[in-house]
$ cat my_file_10.cif   # mmCIF, C-alpha atoms
data_final
#
loop_
_atom_site.label_atom_id
_atom_site.label_comp_id
_atom_site.auth_asym_id
_atom_site.auth_seq_id
_atom_site.Cartn_x
_atom_site.Cartn_y
_atom_site.Cartn_z
CA MET X 1 -65.61 -71.50 4.42
CA GLY X 2 -62.84 -72.73 6.71
CA ARG X 3 -59.26 -73.55 5.84
CA THR X 4 -58.13 -76.91 4.50
CA TYR X 5 -55.09 -78.68 5.88
CA PHE X 6 -53.41 -81.24 3.66
CA VAL X 7 -51.55 -83.60 5.95
CA GLU X 8 -48.75 -86.07 5.32
CA GLU X 9 -50.27 -89.55 5.55
CA ALA X 10 -47.61 -90.80 8.00
CA ILE X 11 -48.80 -88.23 10.55
CA GLY X 12 -52.08 -90.11 10.89
CA GLN X 13 -50.23 -93.23 12.00
CA TYR X 14 -48.00 -91.19 14.32
CA LEU X 15 -51.00 -89.62 16.05
CA SER X 16 -52.73 -92.99 16.24
CA ASN X 17 -49.70 -94.47 17.99
CA LEU X 18 -49.65 -91.61 20.48
CA SER X 19 -53.34 -92.14 21.26
CA THR X 20 -52.58 -95.64 22.54
CA LYS X 21 -50.44 -94.25 25.37
CA VAL X 22 -51.79 -94.81 28.86
CA GLN X 23 -51.48 -91.17 29.96
CA PRO X 24 -54.74 -89.16 29.90
CA TYR X 25 -53.49 -86.60 27.40
CA VAL X 26 -50.65 -85.88 24.98
CA THR X 27 -49.83 -82.46 23.52
CA GLY X 28 -47.64 -81.53 20.59
CA LEU X 29 -46.90 -79.23 17.67
CA LEU X 30 -47.91 -79.24 14.03
CA ILE X 31 -45.18 -78.26 11.57
CA GLY X 32 -45.76 -77.22 7.98
CA GLN X 33 -46.32 -74.38 5.58
CA CYS X 34 -49.09 -71.84 5.08
CA SER X 35 -50.18 -70.45 1.74
CA VAL X 36 -53.04 -68.21 0.75
CA GLN X 37 -55.09 -71.09 -0.66
CA LYS X 38 -53.92 -74.18 1.23
CA ASP X 39 -52.00 -75.23 4.32
CA TYR X 40 -49.65 -78.20 4.47
CA VAL X 41 -48.74 -80.24 7.56
CA ILE X 42 -45.62 -82.35 7.05
CA GLN X 43 -44.78 -83.30 10.64
CA ALA X 44 -46.34 -83.65 14.08
CA VAL X 45 -44.11 -83.56 17.16
CA ARG X 46 -45.16 -84.53 20.65
CA THR X 47 -44.13 -82.37 23.61
CA PRO X 48 -41.17 -84.00 25.37
CA LEU X 49 -41.70 -85.07 28.95
CA LYS X 50 -40.02 -83.30 31.82
CA GLU X 51 -37.69 -85.33 33.96
CA GLU X 52 -40.20 -85.43 36.82
CA GLN X 53 -42.93 -86.55 34.41
CA LYS X 54 -40.79 -89.50 33.33
CA GLU X 55 -40.52 -90.62 36.92
CA ASP X 56 -43.83 -89.65 38.49
CA THR X 57 -47.43 -90.45 37.68
CA LYS X 58 -48.73 -88.55 34.66
CA PRO X 59 -51.04 -85.58 35.42
CA SER X 60 -54.71 -86.39 35.10
CA LYS X 61 -56.24 -82.95 34.48
CA LEU X 62 -55.85 -80.50 31.61
CA ALA X 63 -55.36 -77.74 34.17
CA SER X 64 -51.94 -79.27 34.83
CA ILE X 65 -50.73 -78.58 31.26
CA ASP X 66 -47.41 -76.74 31.51
CA GLU X 67 -47.92 -73.83 29.12
CA GLU X 68 -44.39 -72.49 29.57
CA TRP X 69 -42.85 -75.88 28.81
CA ILE X 70 -44.84 -76.21 25.59
CA THR X 71 -44.00 -72.70 24.38
CA THR X 72 -40.33 -73.33 25.18
CA HIS X 73 -40.46 -76.47 23.09
CA ALA X 74 -42.10 -74.53 20.25
CA SER X 75 -39.32 -71.90 20.36
CA GLN X 76 -36.63 -74.56 20.13
CA VAL X 77 -38.38 -76.43 17.34
CA SER X 78 -38.85 -73.23 15.35
CA ARG X 79 -35.08 -72.69 15.44
CA MET X 80 -34.62 -76.08 13.77
CA LEU X 81 -36.92 -75.23 10.87
CA PRO X 82 -35.54 -73.92 7.56
CA GLY X 83 -37.22 -71.10 5.69
CA GLY X 84 -40.79 -71.79 4.59
CA LEU X 85 -41.63 -74.01 7.56
CA LEU X 86 -43.25 -72.89 10.78
CA VAL X 87 -45.15 -74.10 13.81
CA LEU X 88 -48.65 -73.76 12.40
CA GLY X 89 -50.66 -75.36 15.14
CA VAL X 90 -51.01 -77.43 18.30
CA PHE X 91 -52.59 -80.82 18.82
CA ILE X 92 -53.94 -82.58 21.90
CA ILE X 93 -54.97 -86.21 22.32
CA THR X 94 -57.20 -86.79 25.32
CA SER X 95 -59.25 -89.48 26.96
CA PRO X 96 -63.06 -89.11 26.51
CA GLU X 97 -63.56 -87.65 29.99
CA LEU X 98 -61.20 -84.77 29.21
CA SER X 99 -62.47 -84.01 25.70
CA LYS X 100 -64.94 -81.39 26.87
CA ASP X 101 -62.24 -79.07 28.21
CA SER X 102 -59.59 -79.71 25.57
CA GLN X 103 -60.71 -77.00 23.16
CA ASN X 104 -60.22 -74.26 25.76
CA ALA X 105 -56.77 -75.65 26.55
CA LEU X 106 -55.89 -75.68 22.84
CA ARG X 107 -57.00 -72.09 22.36
CA LYS X 108 -54.81 -70.94 25.22
CA LEU X 109 -51.81 -72.86 23.88
CA ILE X 110 -52.27 -71.53 20.33
CA PHE X 111 -52.01 -67.92 21.45
CA SER X 112 -49.19 -68.56 23.93
CA VAL X 113 -47.05 -70.34 21.33
CA GLU X 114 -47.61 -67.65 18.72
CA LYS X 115 -46.79 -64.87 21.18
CA SER X 116 -43.56 -66.60 22.15
CA LEU X 117 -42.49 -67.08 18.53
CA THR X 118 -43.49 -63.60 17.37
CA LYS X 119 -41.49 -61.61 19.92
CA ARG X 120 -38.23 -63.22 18.73
CA ARG X 121 -38.65 -62.28 15.07
CA LEU X 122 -36.75 -59.50 13.34
CA TRP X 123 -39.12 -59.52 10.38
CA LYS X 124 -42.71 -58.38 10.14
CA PRO X 125 -45.47 -60.48 8.57
CA ALA X 126 -46.75 -59.42 5.17
CA GLU X 127 -50.21 -57.89 4.84
CA GLU X 128 -51.52 -61.00 3.08
CA GLU X 129 -49.90 -63.32 5.64
CA VAL X 130 -52.08 -66.20 6.85
CA SER X 131 -52.73 -65.57 10.55
CA GLU X 132 -54.89 -68.60 11.33
CA ARG X 133 -53.36 -71.46 13.33
CA ALA X 134 -54.66 -75.00 13.69
CA ALA X 135 -56.03 -76.54 16.89
CA LEU X 136 -56.31 -80.31 16.45
CA GLN X 137 -58.27 -82.36 18.96
CA ILE X 138 -58.24 -86.19 18.95
CA CYS X 139 -60.15 -88.57 21.22
CA SER X 140 -57.94 -91.48 22.25
CA ALA X 141 -60.90 -93.87 22.50
CA THR X 142 -63.00 -93.06 19.42
CA LYS X 143 -60.09 -91.69 17.30
CA LYS X 144 -62.38 -88.82 16.31
CA VAL X 145 -60.46 -85.88 14.83
CA VAL X 146 -61.71 -82.30 15.18
CA CYS X 147 -59.74 -79.49 13.55
CA ARG X 148 -60.44 -75.81 14.18
CA THR X 149 -58.51 -72.62 13.57
CA TYR X 150 -57.97 -69.39 15.49
CA ASP X 151 -56.86 -66.04 14.11
CA VAL X 152 -53.81 -65.26 16.24
CA GLN X 153 -53.94 -61.59 15.22
CA ASP X 154 -57.29 -61.27 16.99
CA PRO X 155 -57.19 -62.02 20.77
CA LYS X 156 -60.98 -62.34 20.75
CA SER X 157 -60.97 -64.78 17.85
CA SER X 158 -63.43 -67.65 18.05
CA ALA X 159 -62.91 -71.14 16.65
CA LYS X 160 -63.62 -71.81 12.98
CA PRO X 161 -64.06 -75.29 11.53
CA ALA X 162 -61.32 -76.59 9.24
CA ASP X 163 -60.85 -79.65 7.04
CA TRP X 164 -58.13 -82.19 7.89
CA LYS X 165 -57.21 -84.29 4.84
CA TYR X 166 -54.46 -86.91 4.63
CA GLN X 167 -52.40 -87.19 1.48
CA SER X 168 -49.53 -89.51 0.60
CA ALA X 169 -46.12 -88.16 -0.50
CA LEU X 170 -47.30 -84.64 0.33
CA SER X 171 -43.83 -83.05 0.43
CA ALA X 172 -41.91 -85.65 -1.59
CA SER X 173 -41.09 -83.17 -4.35
CA TRP X 174 -41.11 -79.74 -2.73
CA LEU X 175 -38.87 -77.05 -4.14
CA ALA X 176 -35.72 -75.86 -2.37
CA LEU X 177 -33.81 -72.58 -2.59
CA ASP X 178 -30.20 -72.53 -1.44
CA CYS X 179 -27.87 -69.59 -0.91
CA THR X 180 -24.76 -68.54 0.95
CA VAL X 181 -24.84 -65.01 2.37
CA ASN X 182 -21.65 -63.15 3.21
CA VAL X 183 -22.16 -61.19 6.42
CA ASN X 184 -20.14 -58.21 7.63
CA ILE X 185 -22.01 -56.35 10.34
CA HIS X 186 -20.43 -53.68 12.54
CA ILE X 187 -22.34 -53.06 15.77
CA PRO X 188 -21.12 -50.35 18.17
CA LEU X 189 -21.46 -50.85 21.92
CA LEU X 190 -22.47 -47.55 23.45
CA ALA X 191 -20.33 -46.41 26.40
CA THR X 192 -23.44 -45.11 28.17
CA SER X 193 -25.28 -48.44 27.99
CA PRO X 194 -25.44 -50.57 31.14
CA ASN X 195 -24.58 -54.25 30.95
CA HIS X 196 -28.14 -55.42 30.42
CA ASP X 197 -28.38 -53.28 27.26
CA LEU X 198 -25.71 -55.32 25.49
CA GLU X 199 -28.30 -57.62 23.97
CA LYS X 200 -30.44 -54.61 23.02
CA ASN X 201 -27.50 -53.04 21.15
CA ILE X 202 -26.97 -56.23 19.20
CA LYS X 203 -30.64 -56.53 18.33
CA ASN X 204 -30.69 -52.95 17.05
CA GLY X 205 -27.69 -53.70 14.86
CA LEU X 206 -29.32 -56.86 13.53
CA ASN X 207 -32.54 -54.97 12.82
CA ARG X 208 -30.64 -52.61 10.52
CA TRP X 209 -29.02 -55.55 8.78
CA ALA X 210 -32.37 -57.37 8.47
CA LYS X 211 -33.78 -54.33 6.68
CA GLN X 212 -30.92 -54.59 4.18
CA ILE X 213 -31.77 -58.24 3.55
CA GLU X 214 -35.43 -57.34 3.04
CA ASP X 215 -34.41 -54.72 0.45
CA SER X 216 -31.91 -56.95 -1.36
CA VAL X 217 -32.21 -58.27 -4.90
CA PHE X 218 -32.45 -62.05 -5.24
CA LEU X 219 -31.25 -63.83 -8.37
CA ILE X 220 -32.81 -67.26 -8.87
CA ASN X 221 -30.54 -69.40 -11.04
CA GLY X 222 -28.91 -66.19 -12.24
CA GLN X 223 -32.17 -64.41 -13.13
CA VAL X 224 -34.32 -61.69 -11.59
CA LYS X 225 -37.89 -62.94 -11.68
CA ASP X 226 -41.15 -61.07 -11.28
CA ASP X 227 -42.74 -61.48 -7.84
CA ASP X 228 -46.03 -62.74 -9.24
CA ALA X 229 -44.44 -65.19 -11.67
CA GLU X 230 -44.53 -68.89 -10.92
CA LEU X 231 -41.29 -70.22 -9.48
CA LEU X 232 -41.26 -73.11 -11.98
CA GLU X 233 -42.09 -70.94 -14.98
CA GLY X 234 -40.00 -72.13 -17.90
CA GLN X 235 -38.98 -75.32 -16.08
CA LYS X 236 -40.29 -78.83 -16.50
CA LYS X 237 -42.20 -80.07 -13.49
CA SER X 238 -41.79 -83.72 -12.58
CA ARG X 239 -45.07 -85.64 -12.38
CA GLY X 240 -46.07 -89.04 -11.17
CA ASN X 241 -42.97 -89.43 -9.04
CA THR X 242 -43.51 -90.29 -5.39
CA GLN X 243 -39.82 -90.59 -4.58
CA SER X 244 -38.36 -87.96 -2.27
CA THR X 245 -36.66 -85.63 -4.74
CA SER X 246 -36.28 -81.89 -4.55
CA GLN X 247 -35.66 -79.36 -7.27
CA ILE X 248 -33.00 -77.02 -5.90
CA SER X 249 -32.62 -73.46 -7.12
CA ASP X 250 -29.37 -71.60 -6.57
CA VAL X 251 -29.94 -68.08 -5.27
CA LYS X 252 -27.58 -65.11 -5.12
CA VAL X 253 -28.29 -62.22 -2.77
CA LEU X 254 -27.30 -58.73 -3.89
CA THR X 255 -27.39 -56.15 -1.09
CA GLN X 256 -27.41 -52.42 -1.74
CA LEU X 257 -24.21 -50.59 -0.85
CA SER X 258 -25.97 -47.24 -0.48
CA GLN X 259 -29.46 -45.83 -0.47
CA GLY X 260 -28.87 -43.71 -3.54
CA SER X 261 -28.42 -39.98 -4.00
CA SER X 262 -32.17 -39.34 -4.06
CA ARG X 263 -32.47 -40.08 -0.34
CA ARG X 264 -30.94 -37.88 2.32
CA SER X 265 -29.35 -39.40 5.39
CA THR X 266 -27.91 -38.06 8.62
CA ALA X 267 -24.93 -39.14 10.69
CA THR X 268 -25.03 -39.58 14.45
CA VAL X 269 -21.94 -39.32 16.63
CA GLN X 270 -22.01 -41.68 19.60
CA VAL X 271 -19.44 -42.44 22.29
CA CYS X 272 -18.71 -46.17 22.21
CA SER X 273 -16.80 -48.44 24.56
CA GLY X 274 -16.23 -51.02 21.87
CA SER X 275 -17.84 -52.85 18.98
CA ILE X 276 -18.73 -56.25 17.65
CA ASN X 277 -18.03 -57.34 14.10
CA LEU X 278 -20.05 -60.22 12.71
CA LYS X 279 -18.23 -61.61 9.70
CA GLY X 280 -18.72 -64.80 7.80
CA ALA X 281 -20.64 -66.85 5.25
CA VAL X 282 -24.04 -68.19 6.30
CA LYS X 283 -25.62 -71.22 4.65
CA CYS X 284 -29.36 -70.67 4.15
CA ARG X 285 -32.17 -72.79 2.77
CA ALA X 286 -35.91 -72.48 2.21
CA TYR X 287 -38.62 -74.82 0.95
CA THR X 288 -41.89 -74.21 -0.81
CA HIS X 289 -44.76 -76.45 -1.90
CA ASN X 290 -44.93 -77.52 -5.54
CA ASN X 291 -48.50 -76.38 -6.20
CA LYS X 292 -47.69 -73.46 -8.53
CA PRO X 293 -45.69 -71.48 -5.94
CA LYS X 294 -45.06 -67.82 -6.62
CA VAL X 295 -41.59 -66.29 -6.74
CA LYS X 296 -42.64 -63.87 -4.00
CA GLU X 297 -43.49 -66.72 -1.61
CA ALA X 298 -40.18 -68.50 -2.20
CA ILE X 299 -38.03 -65.39 -1.80
CA GLN X 300 -39.89 -64.38 1.35
CA ALA X 301 -39.21 -67.81 2.86
CA LEU X 302 -35.50 -67.56 2.04
CA LYS X 303 -35.22 -64.02 3.44
CA ARG X 304 -36.67 -65.19 6.72
CA ASP X 305 -34.26 -68.09 6.94
CA ILE X 306 -31.32 -65.71 6.41
CA ILE X 307 -32.55 -63.38 9.14
CA ASN X 308 -33.63 -66.12 11.55
CA THR X 309 -30.45 -68.18 11.40
CA LEU X 310 -28.28 -65.21 12.36
CA SER X 311 -30.56 -63.65 14.96
CA ASP X 312 -31.23 -66.99 16.66
CA ARG X 313 -27.54 -67.73 17.11
CA CYS X 314 -26.80 -64.26 18.43
CA GLU X 315 -29.72 -64.57 20.82
CA ILE X 316 -28.30 -67.79 22.22
CA LEU X 317 -24.93 -66.12 22.74
CA PHE X 318 -26.47 -63.46 24.98
CA GLU X 319 -28.57 -65.99 26.85
CA ASP X 320 -25.19 -67.58 27.52
CA LEU X 321 -23.69 -64.32 28.73
CA ILE X 322 -26.54 -63.71 31.14
CA ILE X 323 -25.95 -67.12 32.70
CA ASN X 324 -22.18 -66.72 32.80
CA GLU X 325 -21.40 -63.95 35.31
CA GLY X 326 -17.74 -64.81 35.82
CA PRO X 327 -15.23 -62.10 36.84
CA PRO X 328 -13.77 -60.00 34.01
CA LYS X 329 -10.36 -60.95 32.67
CA LYS X 330 -7.62 -58.40 32.11
CA ASP X 331 -4.67 -58.40 29.73
CA PHE X 332 -5.66 -61.49 27.77
CA GLU X 333 -4.23 -62.27 24.35
CA ARG X 334 -6.28 -62.52 21.17
CA GLU X 335 -8.22 -65.78 21.28
CA TYR X 336 -9.93 -67.99 18.71
CA HIS X 337 -12.80 -70.37 19.36
CA VAL X 338 -14.25 -73.01 17.07
CA LEU X 339 -17.94 -72.34 16.48
CA PRO X 340 -20.80 -74.68 15.59
CA GLN X 341 -21.63 -75.76 12.06
CA ARG X 342 -25.06 -75.76 10.50
CA LEU X 343 -26.29 -79.18 9.45
CA PHE X 344 -29.36 -80.59 7.75
CA VAL X 345 -31.25 -83.83 8.37
CA PRO X 346 -33.92 -85.28 6.03
CA VAL X 347 -37.52 -85.89 7.02
CA ALA X 348 -38.62 -89.45 6.25
CA GLY X 349 -40.64 -89.65 3.04
CA SER X 350 -40.06 -85.97 2.27
CA SER X 351 -37.67 -83.88 0.21
CA VAL X 352 -37.55 -81.39 3.11
CA MET X 353 -34.57 -81.29 5.47
CA LEU X 354 -34.62 -79.90 9.00
CA SER X 355 -31.79 -77.86 10.48
CA ASP X 356 -29.60 -78.03 13.56
CA TYR X 357 -26.17 -76.91 14.76
CA ARG X 358 -23.15 -78.95 15.77
CA PHE X 359 -20.50 -77.95 18.28
CA GLY X 360 -16.89 -78.60 17.31
CA GLU X 361 -16.41 -81.41 19.83
CA GLU X 362 -19.99 -82.63 19.83
CA ALA X 363 -20.47 -86.31 19.08
CA VAL X 364 -22.93 -87.51 16.44
CA GLY X 365 -24.79 -89.32 19.21
CA GLU X 366 -25.62 -86.03 20.92
CA ILE X 367 -27.14 -84.68 17.71
CA GLN X 368 -29.19 -87.84 17.36
CA GLU X 369 -30.43 -87.53 20.95
CA ARG X 370 -31.44 -83.92 20.37
CA PHE X 371 -33.56 -84.85 17.35
CA VAL X 372 -35.30 -87.54 19.38
CA GLU X 373 -35.98 -85.11 22.23
CA MET X 374 -37.00 -82.07 20.21
CA LEU X 375 -38.61 -83.64 17.13
CA ASP X 376 -39.31 -87.22 18.23
CA GLN X 377 -37.34 -88.34 15.19
CA SER X 378 -34.62 -90.98 14.95
CA VAL X 379 -31.70 -89.92 12.77
CA GLN X 380 -29.05 -92.16 11.24
CA ALA X 381 -25.48 -90.90 11.41
CA GLU X 382 -25.11 -91.09 7.62
CA ASP X 383 -28.17 -88.84 7.18
CA ILE X 384 -26.54 -85.89 8.97
CA HIS X 385 -25.31 -83.46 6.31
CA ILE X 386 -22.84 -80.80 7.43
CA ALA X 387 -23.53 -77.62 5.45
CA GLU X 388 -20.74 -75.35 6.71
CA GLU X 389 -17.01 -75.52 7.27
CA ILE X 390 -15.47 -75.34 10.74
CA ASN X 391 -15.12 -71.66 11.55
CA THR X 392 -13.65 -69.57 14.32
CA VAL X 393 -14.33 -66.57 16.53
CA GLY X 394 -11.51 -64.08 16.96
CA ILE X 395 -11.48 -62.07 20.19
CA CYS X 396 -9.37 -58.93 20.51
CA PRO X 397 -7.99 -57.88 23.93
CA VAL X 398 -9.68 -55.14 25.91
CA THR X 399 -7.57 -52.10 26.72
CA ASP X 400 -6.84 -51.11 30.32
CA ASN X 401 -8.19 -47.56 30.19
CA MET X 402 -11.79 -48.51 30.89
CA ASP X 403 -13.61 -48.69 34.16
CA ASP X 404 -14.65 -52.04 35.61
CA THR X 405 -18.25 -51.79 34.40
CA GLN X 406 -17.27 -51.19 30.77
CA GLN X 407 -14.58 -53.83 30.92
CA LYS X 408 -16.95 -56.36 32.41
CA GLN X 409 -19.46 -55.71 29.63
CA LEU X 410 -16.86 -56.23 26.91
CA THR X 411 -15.42 -59.28 28.63
CA LYS X 412 -18.88 -60.75 28.94
CA ALA X 413 -19.30 -60.37 25.21
CA THR X 414 -16.21 -62.50 24.57
CA LEU X 415 -17.37 -65.52 26.53
CA LEU X 416 -18.62 -68.55 24.64
CA LEU X 417 -20.35 -71.10 26.81
CA LYS X 418 -21.24 -74.41 25.22
CA LEU X 419 -24.93 -74.77 25.94
CA GLN X 420 -26.13 -78.05 27.32
CA GLN X 421 -28.49 -79.74 24.90
CA ASN X 422 -31.29 -79.92 27.44
CA MET X 423 -34.47 -77.96 27.12
CA GLY X 424 -34.80 -77.54 30.86
CA VAL X 425 -31.43 -75.76 31.17
CA VAL X 426 -31.43 -73.09 28.45
CA ILE X 427 -34.30 -72.07 26.23
CA ALA X 428 -32.15 -72.08 23.12
CA ALA X 429 -30.49 -75.46 23.45
CA ALA X 430 -31.43 -76.71 20.01
CA VAL X 431 -29.10 -74.39 18.13
CA ALA X 432 -25.86 -72.58 18.68
CA VAL X 433 -24.22 -69.26 18.13
CA PHE X 434 -23.31 -68.00 14.67
CA ALA X 435 -22.24 -71.06 12.62
CA SER X 436 -19.88 -69.53 10.09
CA ILE X 437 -16.67 -67.56 9.99
CA PHE X 438 -18.11 -65.48 12.84
CA SER X 439 -15.61 -63.12 14.42
CA PHE X 440 -15.95 -60.77 17.35
CA ASN X 441 -13.56 -57.86 17.61
CA TYR X 442 -13.63 -55.60 20.63
CA PHE X 443 -11.67 -52.42 20.76
CA SER X 444 -11.65 -49.06 22.50
CA ASP X 445 -13.03 -46.25 20.39
#
$ encode --input "my_file_10.cif" --output "structure tokens"
Amino acid sequence: MGRTYFVEEAIGQYLSNLSTKVQPYVTGLLIGQCSVQKDYVIQAVRTPLKEEQKEDTKPSKLASIDEEWITTHASQVSRMLPGGLLVLGVFIITSPELSKDSQNALRKLIFSVEKSLTKRRLWKPAEEEVSERAALQICSATKKVVCRTYDVQDPKSSAKPADWKYQSALSASWLALDCTVNVNIHIPLLATSPNHDLEKNIKNGLNRWAKQIEDSVFLINGQVKDDDAELLEGQKKSRGNTQSTSQISDVKVLTQLSQGSSRRSTATVQVCSGSINLKGAVKCRAYTHNNKPKVKEAIQALKRDIINTLSDRCEILFEDLIINEGPPKKDFEREYHVLPQRLFVPVAGSSVMLSDYRFGEEAVGEIQERFVEMLDQSVQAEDIHIAEEINTVGICPVTDNMDDTQQKQLTKATLLLKLQQNMGVVIAAAVAVFASIFSFNYFSD
């Protein structure tokens, strides 16, 4: 028996509107949540057009599908999703003459998108994780909908039939978990590492921190709950209400200070040219369906949001540094830079809010344009909710007793380039660097 996808009713109208376009095909992403028993699709997002596509005649063959462009879009969209949501499939709307080849194109896109998203993650999927992704095919003339799934863990996976069922107010009363995590991560920069290993050093440091988050204790509304217990156990569940309301649980994260005396550990002495300190308070949020969700599912979603929001912002910083190859500066004073803030924007007809990041001098109009480009969603200025205070980055001066290579590496790590909000310029344009009291301190060991 195949999987069943419960789909927000408004998505049907959205896809129907796309099918009336003159172009021979339209591709896009399916956004939602997987669970062991059911899958939920709460949003469909068309692939934005490239600049040349806006000007020139639309391509007429599926062979012209730009796989890299679509996977880049998926990576950016995934960075705008809070915990619990993911890109769970790809759709394509084609004219009748192209329908025959569309399933092969979908299969290729499904695996490419998943590969792109997986290599960025600092967390590993659970053993019981759902690994099937949806491939939705729609004929623009007949409006016929065909949904199949592929197991992305099996490269030789064949298509399996799946049910596609529309439902009104699907995510109108989903459950939310909110927390603020205080971060204090010390990452040494090895003196023997060449410049291109700077990002690798940071990723290693974040991997150690991510393991701490995975091993942390989570208090939900002040209580430790059993993993297999229902999240709403002991709470009254609202029924018969189609208004967009969300029950929000306050979560505290308790990290272990040590591994305990029962476990032996060793110390490694390494020669370092400097270090980076990540300090601050990170606002995190996760959502889960309201169909008897388990505590384990909700906590897992929140853990992933904590890890993703920090690693994504650090990743963008080093994409910045690769682009910016300016000459190293000497004898500069300690500097402070205002960093982006995390913000949330509601999804129409849903209790779920999507995430983005705002630069200090960025106008509201730019945020609105980004949501239209990335998520094909119009956002009102009053619906943009800033979740974090304005924070700064502190940069310590580099000492003069280093060679040019080491100094260049450390100087590179102090540069903050405001990324253009254009998907064709930088892969990570949808988000920013660490949006909290995020300080970088560089010093000679």
$ closest_residue --input "my_file_10.cif" --among "X:Ser102, X:Asn290, X:Thr20, X:Ser78" --to "Thr142 of chain X" --atoms "only C-alpha atoms"
X:Thr20
$ resolve_selection --input "my_file_10.cif" --expression "the PyMOL selection byres ((chain X and resi 222) around 10)" --output "list in words"
Phe218, Leu219, Ile220, Asn221, Gln223, Val224, Lys225, Ser249, Asp250, Val251 and Lys252 of chain X
$ residues_around --input "my_file_10.cif" --residues "segment 87-94 of chain X" --least-positions-apart "4" --cutoff "6 Å" --atoms "only C-alpha atoms" --output "list in words"
Pro24, Tyr25, Val26, Thr27, Gly28, Leu29, Leu30, Ile31, Leu98, Ser99, Arg133, Ala134, Ala135, Leu136, Gln137, Ile138, Cys139 and Ser140 of chain X
$ atom_distance --input "my_file_10.cif" --atom1 "atom CA of Ser75 of chain X" --atom2 "atom CA of Ser116 of chain X"
7.0 Å
$ resolve_selection --input "my_file_10.cif" --expression "the PyMOL selection byres ((chain X and resi 212) around 12)" --output "list in words"
Leu122, Trp123, Val183, Asn184, Ile185, Gly205, Leu206, Asn207, Arg208, Trp209, Ala210, Lys211, Ile213, Glu214, Asp215, Ser216, Val217, Val253, Leu254, Thr255, Gln256, Leu257, Ser258, Gln259, Lys303, Ile306 and Ile307 of chain X
$ atom_distance --input "my_file_10.cif" --atom1 "atom CA of Glu132 of chain X" --atom2 "atom CA of Ser157 of chain X"
9.7 Å
$ resolve_selection --input "my_file_10.cif" --expression "the PyMOL selection byres ((chain X and resi 175) around 7)" --output "list of chain:residue names"
X:Ser173, X:Trp174, X:Ala176, X:Leu177, X:Ser246, X:Gln247, X:Ile248, X:Tyr287, X:Thr288, X:His289, X:Asn290
$ atom_distance --input "my_file_10.cif" --atom1 "atom CA of Pro48 of chain X" --atom2 "atom CA of Arg79 of chain X"
16.2 Å
$ closest_residue --input "my_file_10.cif" --among "X:Lys61, X:His385, X:Arg46, X:Arg313" --to "Asn17 of chain X" --atoms "all atoms listed in the file"
X:Arg46
$ closest_residue --input "my_file_10.cif" --among "X:Gln103, X:Ser158, X:Ser171, X:Asn277" --to "Ser351 of chain X" --atoms "all atoms listed in the file"
X:Ser171
$ residues_around --input "my_file_10.cif" --residues "Ala191 of chain X" --least-positions-apart "6" --cutoff "9 Å" --atoms "all atoms listed in the file" --output "compact mmCIF listing (two decimals) with C-alpha atoms, in the frame of the given file"
# COMPACT_ATOMS: atom_id res chain seq x y z
CA GLN X 270 -22.01 -41.68 19.60
CA VAL X 271 -19.44 -42.44 22.29
CA CYS X 272 -18.71 -46.17 22.21
CA SER X 273 -16.80 -48.44 24.56
CA GLY X 274 -16.23 -51.02 21.87
CA GLN X 406 -17.27 -51.19 30.77
$ build_atoms --input "my_file_10.cif" --residues "segment 224-230 of chain X" --atoms "N, CA, C and O atoms" --output "short mmCIF file (atom, residue, chain, number, x, y, z; two decimals), keeping the file's coordinate frame"
data_model
loop_
_atom_site.label_atom_id
_atom_site.label_comp_id
_atom_site.auth_asym_id
_atom_site.auth_seq_id
_atom_site.Cartn_x
_atom_site.Cartn_y
_atom_site.Cartn_z
N VAL X 224 -33.37 -62.44 -12.41
CA VAL X 224 -34.32 -61.69 -11.59
C VAL X 224 -35.71 -62.01 -12.12
O VAL X 224 -36.00 -61.79 -13.29
N LYS X 225 -36.56 -62.54 -11.26
CA LYS X 225 -37.89 -62.94 -11.68
C LYS X 225 -38.95 -62.05 -11.05
O LYS X 225 -38.78 -61.55 -9.95
N ASP X 226 -40.04 -61.88 -11.77
CA ASP X 226 -41.15 -61.07 -11.28
C ASP X 226 -41.79 -61.74 -10.07
O ASP X 226 -41.93 -62.97 -10.01
N ASP X 227 -42.18 -60.94 -9.08
CA ASP X 227 -42.74 -61.48 -7.84
C ASP X 227 -43.94 -62.37 -8.07
O ASP X 227 -44.12 -63.39 -7.39
N ASP X 228 -44.79 -62.00 -9.02
CA ASP X 228 -46.03 -62.74 -9.24
C ASP X 228 -45.88 -63.89 -10.23
O ASP X 228 -46.84 -64.60 -10.51
N ALA X 229 -44.67 -64.07 -10.75
CA ALA X 229 -44.44 -65.19 -11.67
C ALA X 229 -44.38 -66.50 -10.88
O ALA X 229 -44.09 -66.51 -9.68
N GLU X 230 -44.65 -67.59 -11.56
CA GLU X 230 -44.53 -68.89 -10.92
C GLU X 230 -43.05 -69.27 -10.83
O GLU X 230 -42.28 -69.03 -11.75
#
